[in-house]
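Reviewing the structure listed below.
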Amino acid sequence: MTATTPTPPPATDAAPSAPAADAATLHTPVNAWFAAHARDLPWRRPEAGPWGVMVSEFMLQQTPVSRVLPVYEQWLKRWPRPADLAAEPPGEAVRAWGRLGYPRRALRLHAAATAITERHGGEVPDDHAALLALPGVGEYTAAAVASFAYGRRHAVLDTNVRRVLARVVTGVQYPPNATTAAERRLAQRLLPDDEATAARWAAATMELGALVCTARTPDCGRCPVAARCAWRLAGFPAHDGPPRRGQTYAGTDRQVRGMLLAVLREATGPVTQEQMDAVWDEPVQRARALDGLVADGLVEPVAQGVYRLPLE
DNA sequence: TAATCGTGGTC
DNA sequence: TGACCAAGATT
């Protein structure tokens, strides 16, 4: 709703009366744009392999690329295969997660590595259903790994793709709050028939959303399908539905959990209650946050008033 | 379905 | 300057 008015594309790029966007007219320009403008991200290089792709997908859940890059490099160097990670205590994954946020992802990635080692011979599965069965892998991540790592044909619906489709095809500024069946049908309908083209399309639409068709200030002048964008052709109508609920953070349990876990991460061994009490002075909320961390398996009680990152 | 779950950068 | 946003999953 507060997005800046998009930059109009140069007149030469806009066909006078372009037809509405459809699958046939979108694949070629979007994939060509991707070929020319894709970022050189480490998990896109051949040497990353399926495990590198999976690690990146876990880290990128709700976390910007710029913050993932250094941690990704450390992880892949330290744990080049799933079995390497599975061989260490889950607490080491939590510690190495650093400040990426949502540390349960570290725990789930460790659990996924364990499952891959035990059930899949140490190889990241290439099958969507097998991927979906892994801890921390939902519909998006399963499709992303199958598509990016193995070239499979899947609709990959992340926040970028949802926004691109909402604008280019549906003609609205933003997609709904939660992914709808209609969005899935649309993504499925737009998926190229050819497997390799579909995999490229998945990465290309994501990249287009990340670099050009951004949430706040889309740069239509650089968009390969601006001439056929339904939202643009409609005159950039503003989002009407209810505003997305804000993610307030200051003073919440999440903030307290984060501060408590930071104490554990930065310590080399077990930590005393006293050390944790020092970072938050409201005792009820502090206790609730710590209980939550223990319940989630992110913190392990060692003895009365002593805690550590989980060894199992 | 809606709430919960971190952290930091941007405008 | 505070609200919004960032390759979601789980319950």
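Lettering and numbering for the structure tokens are positional, with chains as A, B, ... in the shown order, residues counted from 1 in each chain, and ligands counted from 1 in the shown order.
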
Residues of chain A within 7 Å of chain C, only C-alpha atoms (C1' of nucleotides) counted, as a short mmCIF file (atom, residue, chain, number, x, y, z; two decimals) with C-alpha atoms, in the first residue's frame:
data_model
loop_
_atom_site.label_atom_id
_atom_site.label_comp_id
_atom_site.auth_asym_id
_atom_site.auth_seq_id
_atom_site.Cartn_x
_atom_site.Cartn_y
_atom_site.Cartn_z
CA GLU A 57 17.05 -23.18 1.26
CA LEU A 60 16.95 -18.50 3.19
CA GLN A 61 13.60 -19.18 4.81
CA GLN A 62 12.60 -15.67 5.88
CA THR A 63 16.21 -14.49 5.82
CA PRO A 64 17.85 -12.20 3.23
CA GLY A 136 11.81 -28.57 8.31
CA GLY A 138 7.57 -27.88 3.58
CA ASP A 158 7.84 -18.54 -2.62
#

Contacts between chain B and chain A, please, where a residue of chain A counts if it comes within 12 Å (with only C-alpha atoms (C1' of nucleotides)); show its shortest atom pair and distance in Å to one decimal, rows by chain and ascending number, as JSON lines.
{"residue": "A:Thr2", "atom": "CA", "partner": "B:DC11", "partner_atom": "C1'", "distance": 10.7}
{"residue": "A:Ala3", "atom": "CA", "partner": "B:DC11", "partner_atom": "C1'", "distance": 10.4}
{"residue": "A:Thr4", "atom": "CA", "partner": "B:DC11", "partner_atom": "C1'", "distance": 10.3}
{"residue": "A:Gln61", "atom": "CA", "partner": "B:DG6", "partner_atom": "C1'", "distance": 11.6}
{"residue": "A:Gln62", "atom": "CA", "partner": "B:DG6", "partner_atom": "C1'", "distance": 9.6}
{"residue": "A:Thr63", "atom": "CA", "partner": "B:DT7", "partner_atom": "C1'", "distance": 8.4}
{"residue": "A:Pro64", "atom": "CA", "partner": "B:DG9", "partner_atom": "C1'", "distance": 9.4}
{"residue": "A:Val65", "atom": "CA", "partner": "B:DG9", "partner_atom": "C1'", "distance": 11.8}
{"residue": "A:Ser66", "atom": "CA", "partner": "B:DG9", "partner_atom": "C1'", "distance": 10.1}
{"residue": "A:Arg67", "atom": "CA", "partner": "B:DG8", "partner_atom": "C1'", "distance": 8.8}
{"residue": "A:Val68", "atom": "CA", "partner": "B:DT7", "partner_atom": "C1'", "distance": 11.7}
{"residue": "A:Trp97", "atom": "CA", "partner": "B:DG6", "partner_atom": "C1'", "distance": 11.3}
{"residue": "A:Gly98", "atom": "CA", "partner": "B:DT7", "partner_atom": "C1'", "distance": 10.2}
{"residue": "A:Arg99", "atom": "CA", "partner": "B:DT7", "partner_atom": "C1'", "distance": 6.5}
{"residue": "A:Leu100", "atom": "CA", "partner": "B:DT7", "partner_atom": "C1'", "distance": 6.4}
{"residue": "A:Gly101", "atom": "CA", "partner": "B:DG6", "partner_atom": "C1'", "distance": 3.7}
{"residue": "A:Tyr102", "atom": "CA", "partner": "B:DG6", "partner_atom": "C1'", "distance": 4.8}
{"residue": "A:Pro103", "atom": "CA", "partner": "B:DG6", "partner_atom": "C1'", "distance": 7.4}
{"residue": "A:Arg104", "atom": "CA", "partner": "B:DC5", "partner_atom": "C1'", "distance": 8.0}
{"residue": "A:Arg105", "atom": "CA", "partner": "B:DC5", "partner_atom": "C1'", "distance": 9.7}
{"residue": "A:Asn177", "atom": "CA", "partner": "B:DA2", "partner_atom": "C1'", "distance": 10.9}
{"residue": "A:Ala178", "atom": "CA", "partner": "B:DT1", "partner_atom": "C1'", "distance": 9.5}
{"residue": "A:Thr179", "atom": "CA", "partner": "B:DT1", "partner_atom": "C1'", "distance": 11.8}
{"residue": "A:Thr180", "atom": "CA", "partner": "B:DT1", "partner_atom": "C1'", "distance": 11.9}
{"residue": "A:Arg216", "atom": "CA", "partner": "B:DC11", "partner_atom": "C1'", "distance": 9.7}
{"residue": "A:Thr217", "atom": "CA", "partner": "B:DC11", "partner_atom": "C1'", "distance": 10.6}
{"residue": "A:Arg245", "atom": "CA", "partner": "B:DA2", "partner_atom": "C1'", "distance": 11.2}
{"residue": "A:Gln247", "atom": "CA", "partner": "B:DT4", "partner_atom": "C1'", "distance": 10.7}
{"residue": "A:Thr248", "atom": "CA", "partner": "B:DG6", "partner_atom": "C1'", "distance": 11.5}
{"residue": "A:Tyr249", "atom": "CA", "partner": "B:DG6", "partner_atom": "C1'", "distance": 8.9}
{"residue": "A:Ala250", "atom": "CA", "partner": "B:DG6", "partner_atom": "C1'", "distance": 11.2}
{"residue": "A:Thr252", "atom": "CA", "partner": "B:DG6", "partner_atom": "C1'", "distance": 10.9}
{"residue": "A:Asp253", "atom": "CA", "partner": "B:DC5", "partner_atom": "C1'", "distance": 9.5}
{"residue": "A:Arg254", "atom": "CA", "partner": "B:DG6", "partner_atom": "C1'", "distance": 6.8}
{"residue": "A:Gln255", "atom": "CA", "partner": "B:DG6", "partner_atom": "C1'", "distance": 7.2}
{"residue": "A:Val256", "atom": "CA", "partner": "B:DG6", "partner_atom": "C1'", "distance": 10.0}
{"residue": "A:Arg257", "atom": "CA", "partner": "B:DG6", "partner_atom": "C1'", "distance": 8.6}
{"residue": "A:Gly258", "atom": "CA", "partner": "B:DG6", "partner_atom": "C1'", "distance": 6.4}
{"residue": "A:Met259", "atom": "CA", "partner": "B:DG6", "partner_atom": "C1'", "distance": 9.7}
{"residue": "A:Leu260", "atom": "CA", "partner": "B:DG6", "partner_atom": "C1'", "distance": 11.8}
{"residue": "A:Leu261", "atom": "CA", "partner": "B:DG6", "partner_atom": "C1'", "distance": 10.5}
{"residue": "A:Ala262", "atom": "CA", "partner": "B:DG6", "partner_atom": "C1'", "distance": 10.8}
{"residue": "A:Ala289", "atom": "CA", "partner": "B:DC5", "partner_atom": "C1'", "distance": 11.7}
{"residue": "A:Gly292", "atom": "CA", "partner": "B:DC5", "partner_atom": "C1'", "distance": 10.7}
{"residue": "A:Leu293", "atom": "CA", "partner": "B:DC5", "partner_atom": "C1'", "distance": 10.8}
{"residue": "A:Asp296", "atom": "CA", "partner": "B:DC5", "partner_atom": "C1'", "distance": 10.5}

Q. Neighbours of Pro310 (chain A) within 7 Å (only C-alpha atoms (C1' of nucleotides); same-chain residues fewer than 6 positions away dropped), as a count of residues only?
A. 7

Q.
Let's see if you can do this: from backbone DSSP, list all alpha helix (DSSP H) residues in region 103-140 of chain A, as a list in words.
A. Arg104, Arg105, Ala106, Leu107, Arg108, Leu109, His110, Ala111, Ala112, Ala113, Thr114, Ala115, Ile116, Thr117, Glu118, Arg119, His128, Ala129, Ala130, Leu131, Leu132, Glu139 and Tyr140 of chain A

Q.
Please compute the CA of Tyr140 (chain A)-CA of Ala166 (chain A) distance, one decimal, in Å.
A. 17.2 Å

(Q) Excluding Gln304 (chain A) and its own-chain neighbours fewer than 5 positions away, which residues fall within 12 Å of it when counting only C-alpha atoms (C1' of nucleotides)? Please give them as a VMD selection string. (A) chain A and resid 270 to 274
